[in-house]
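Structure record follows, encoded as structure tokens.
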Amino acid sequence: MNQLKVSINTIVVFTLLFCCACKKQTFRQVDDRYAHNDALPVSLERFAPLEGSEATEVMLYGDNFSSNVQDIRVTINGRQTEVLGANRKRIIIKIPQGAGTGKLALTIGGKTVNSEATFIYTLKRTVTTVAASSTAATFDFKVNAGMDIDSKGNLYLADIFNNCIRKVAPDGTVSTFAGVPGTEGNKNGAAAQALFNHPTDLVVDQNDNVYVADTWNWAIRKIATTGEVTTVLGWVVPFPQGITINNKTGTLYVVSALPAVSQGKLFEITAAGVMTERPLSAPIISGGITMDKNDNLVIVDNGRSVVYRVNTQTWNMEKLAGLEDTPGWVDGVGANARFEHPWDVAVDSKNNIYVAGCGHLFNGANIAAGASNIRMIEAGTNKVSTVAGSNSMGYKDGLGGEARFNVPTGLAIDAQDNVYILDRDNLKIRKMVSQ
């Protein structure tokens, strides 16, 4: 019996050694000293993986390569990769930062071949904290609050329940830009003496003037670069909720937070202060609004969980992503994606759309715990993906999916396409850098 056990154990050990040896053989270089043959063609059959971010290692498969990495050049969109190793049939490279999506070009012995497949470059996104509520400026958001950024990199926040506008300098210093913290009212004049009543959103024009959706005053206010606060229109727009501007014309566009009064219309206000109500093919139930690089409006409908695009010349309305009255957190293309009552929207230089929000405006308790994340709608394809955060709330800096937010409601994007996030219930301002 003991001899049988020994025999069985011996067989098991031999089998394991054999399997391990097989596994090592599989990844052993085919020929460690192969020199490229100039008389033969170079073939590039495939590569894997097909997508990745900066520093992703990619294996190229083919024939008539070289074991001398100095003989090999692999580029993507003209950007040279680092060749880590090679032999006759395989080359391993490292993708450089900012390579972009494109075909791989392999050059050996004066011959260049291109891959049939396209390498999909996915950005590596890193989330950090740039500002927080402090004794110098104690944030009190409670519900959705928006923000924007000026040409110098200063952020402006609608600190809604403090009835004031905060400023976050590029170094993270927080100060009160306009209004008297904790005092509501409706007063123009110098920024430090002016009064607001629950401002919800704001937008910065090309000259760094700030326009405020002063919600409970039913007013649009302007804070000039001189610090003077004036009223553009008062007691006209019912509960202005989201605001944006066409910097070419100076025209403002406003979304109401009171659809029973606004009937889901948009409000267009010219630089001269003339307002026009714009009915749409689908009524808007509150939400954020911005302009894309083609001067179209992009609107997130908080009530119906859909993202729309509106042409301001024809007023045609196009659904970009989501399904009406079907909230959820699902990545996908167009109507196959799901949003959970989004709050704000911003557009980068490539016309990609970023969306934040996870709760219904009219029911503060209706917060989706599994949707405190940042989504992106890809320009041209309407493909929706989650770029930061995951399916749980929290507070954590780090790479995209590792980061955690607690009810993000405001977005702003700077000239370098860095995304700033107003992390409402964490009382912090976060920054997402894509590389």
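So you can find residues: chains in the structure tokens are A, B, ... in the order shown, residues in each start at 1, and ligands are numbered from 1 in order.
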May I have the residues within 9 Å of stretch 253-262 of chain A as a PyMOL selection string, using only C-alpha atoms and disregarding those fewer than 4 positions away in the same chain?
chain A and resi 213+215+237-246+266-270+277+283-290+297+299+361-362
Please, which residues of stretch 201-396 of chain A, numbered as in this document, come out strand (DSSP E or B) from DSSP, as a ChimeraX atom specification?
/A:201-204,210-214,219-223,228-234,240-246,251-256,266-269,275-278,289-291,296-301,306-311,317-321,330,332-333,338,344-347,353-356,359,367,374-377,383-388,396
List as a PyMOL selection string the protein and nucleic acid residues near A:Ile160, meaning an atom at most 9 Å away when only C-alpha atoms are counted, but skip any in the same chain fewer than 2 places from it.
chain A and resi 139-145+157-158+162-165+197-201+215
For those residues, write N, CA and C atoms to a file as a compact mmCIF listing (two decimals), in the first residue's frame.
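Generated file (result_28.txt):
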# COMPACT_ATOMS: atom_id res chain seq x y z
N PHE A 139 -18.34 74.55 2.53
CA PHE A 139 -19.34 74.31 1.48
C PHE A 139 -20.64 73.79 2.10
N ASP A 140 -21.75 74.13 1.45
CA ASP A 140 -23.06 73.61 1.87
C ASP A 140 -23.90 73.42 0.61
N PHE A 141 -23.68 72.29 -0.07
CA PHE A 141 -24.35 72.07 -1.34
C PHE A 141 -25.75 71.47 -1.16
N LYS A 142 -25.85 70.38 -0.44
CA LYS A 142 -27.12 69.66 -0.16
C LYS A 142 -27.78 69.08 -1.41
N VAL A 143 -28.04 69.91 -2.43
CA VAL A 143 -28.60 69.40 -3.67
C VAL A 143 -27.60 69.68 -4.79
N ASN A 144 -28.05 69.51 -6.02
CA ASN A 144 -27.12 69.67 -7.13
C ASN A 144 -26.55 71.08 -7.19
N ALA A 145 -25.27 71.16 -7.47
CA ALA A 145 -24.59 72.44 -7.61
C ALA A 145 -23.61 72.34 -8.76
N LEU A 157 -17.75 78.04 -8.09
CA LEU A 157 -18.74 77.07 -7.64
C LEU A 157 -20.00 77.79 -7.17
N ALA A 158 -21.14 77.21 -7.48
CA ALA A 158 -22.41 77.70 -6.94
C ALA A 158 -22.63 77.02 -5.58
N ASN A 162 -25.22 78.12 0.86
CA ASN A 162 -24.52 79.24 1.49
C ASN A 162 -24.84 80.55 0.78
N ASN A 163 -25.64 80.45 -0.31
CA ASN A 163 -26.09 81.63 -1.05
C ASN A 163 -24.94 82.50 -1.55
N CYS A 164 -23.88 81.84 -2.02
CA CYS A 164 -22.75 82.61 -2.51
C CYS A 164 -22.01 81.84 -3.60
N ILE A 165 -21.07 82.53 -4.22
CA ILE A 165 -20.23 81.94 -5.26
C ILE A 165 -18.82 81.81 -4.70
N ASN A 197 -29.83 84.15 -3.83
CA ASN A 197 -30.79 83.28 -3.15
C ASN A 197 -30.74 81.89 -3.79
N HIS A 198 -29.92 81.04 -3.19
CA HIS A 198 -29.75 79.66 -3.63
C HIS A 198 -29.34 79.55 -5.10
N PRO A 199 -28.16 80.09 -5.45
CA PRO A 199 -27.65 79.92 -6.82
C PRO A 199 -27.31 78.46 -7.07
N THR A 200 -27.69 77.96 -8.24
CA THR A 200 -27.53 76.54 -8.55
C THR A 200 -26.42 76.26 -9.55
N ASP A 201 -26.26 77.14 -10.53
CA ASP A 201 -25.29 76.88 -11.59
C ASP A 201 -24.71 78.20 -12.07
N THR A 215 -31.27 80.76 -8.58
CA THR A 215 -32.48 79.96 -8.73
C THR A 215 -33.68 80.51 -7.98
Residue nearest A:Ser392 - candidates A:Leu280, A:Ala369, A:Ala117, A:Ile223, atoms counted: only C-alpha atoms:
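Ranking A:Leu280, A:Ala369, A:Ala117, A:Ile223 by distance to A:Ser392, first place goes to A:Ala369.
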Choose the residue, out of A:Thr386, A:Val307, A:Ala190, A:Ile72, that has the smallest atom-to-atom separation from A:Gly401; count only C-alpha atoms.
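Under the stated criterion, the closest residue is A:Thr386.
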Who sits within 6 Å of A:Leu202, only C-alpha atoms, same chain under 5 positions skipped, as number ranges by chain
A: 147, 211-213
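Across the structure, atom CA of A:Gln97 and atom CA of A:Ala55 are spaced 7.2 Å apart.
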What is the atom CA of A:Val387-atom CA of A:Ile149 distance in Å, reported with one decimal?
20.9 Å
Could you tell me which of A:Val300, A:Gln193, A:Ser43, A:Thr129 comes closest to A:Asp171 if we count only C-alpha atoms?
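Result for the nearest residue to A:Asp171: A:Thr129.
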Counting only C-alpha atoms, the option among A:Phe119, A:Phe161, A:Tyr34, A:Tyr354 closest to A:Phe196
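Among the listed residues, the smallest separation from A:Phe196 belongs to A:Phe161.
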If you count only C-alpha atoms, which residues fall within 8 Å of A:Arg404, apart from same-chain ones fewer than 3 positions away, as a ChimeraX atom specification?
/A:372-373,388-390,392-397,401
Pick from A:Asp344, A:Glu184, A:Asp331, A:Asp423 nearest to A:Val384, counting only C-alpha atoms
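When distances to A:Val384 are compared using only C-alpha atoms, the smallest one comes from A:Asp331.
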Residue neighbourhood A:Thr128, 12 Å, only C-alpha atoms, exclusion window fewer than 5 positions, as a PyMOL selection string
chain A and resi 172+388+395-400+402-405+418-421+423+428-434
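Among the candidate residues A:Ala192, A:Met317, A:Gly322, A:Val174, the one lying nearest to A:Ser134 is A:Val174, with distances computed using only C-alpha atoms.
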Skip A:Gly100 itself and residues of its chain fewer than 3 positions away, then list as a ChimeraX atom specification all residues within 8 Å of it, counting only C-alpha atoms.
/A:76-77,120-122
Same residues, N, CA, C and O atoms, saved as a tab-separated table (two decimals), in the first residue's frame:
chain	number	residue	atom	x	y	z
A	76	ILE	N	3.10	53.94	-33.65
A	76	ILE	CA	1.64	54.07	-33.73
A	76	ILE	C	1.34	55.55	-33.86
A	76	ILE	O	1.77	56.35	-33.02
A	77	ASN	N	0.70	55.93	-34.95
A	77	ASN	CA	0.44	57.34	-35.25
A	77	ASN	C	1.73	58.16	-35.25
A	77	ASN	O	1.75	59.32	-34.85
A	120	ILE	N	-6.54	50.06	-30.07
A	120	ILE	CA	-7.43	51.02	-29.43
A	120	ILE	C	-6.73	51.57	-28.18
A	120	ILE	O	-6.49	50.84	-27.22
A	121	TYR	N	-6.42	52.85	-28.24
A	121	TYR	CA	-5.73	53.48	-27.11
A	121	TYR	C	-6.75	53.99	-26.10
A	121	TYR	O	-7.60	54.82	-26.42
A	122	THR	N	-6.71	53.45	-24.91
A	122	THR	CA	-7.62	53.88	-23.85
A	122	THR	C	-6.84	54.75	-22.87
A	122	THR	O	-5.75	54.39	-22.43
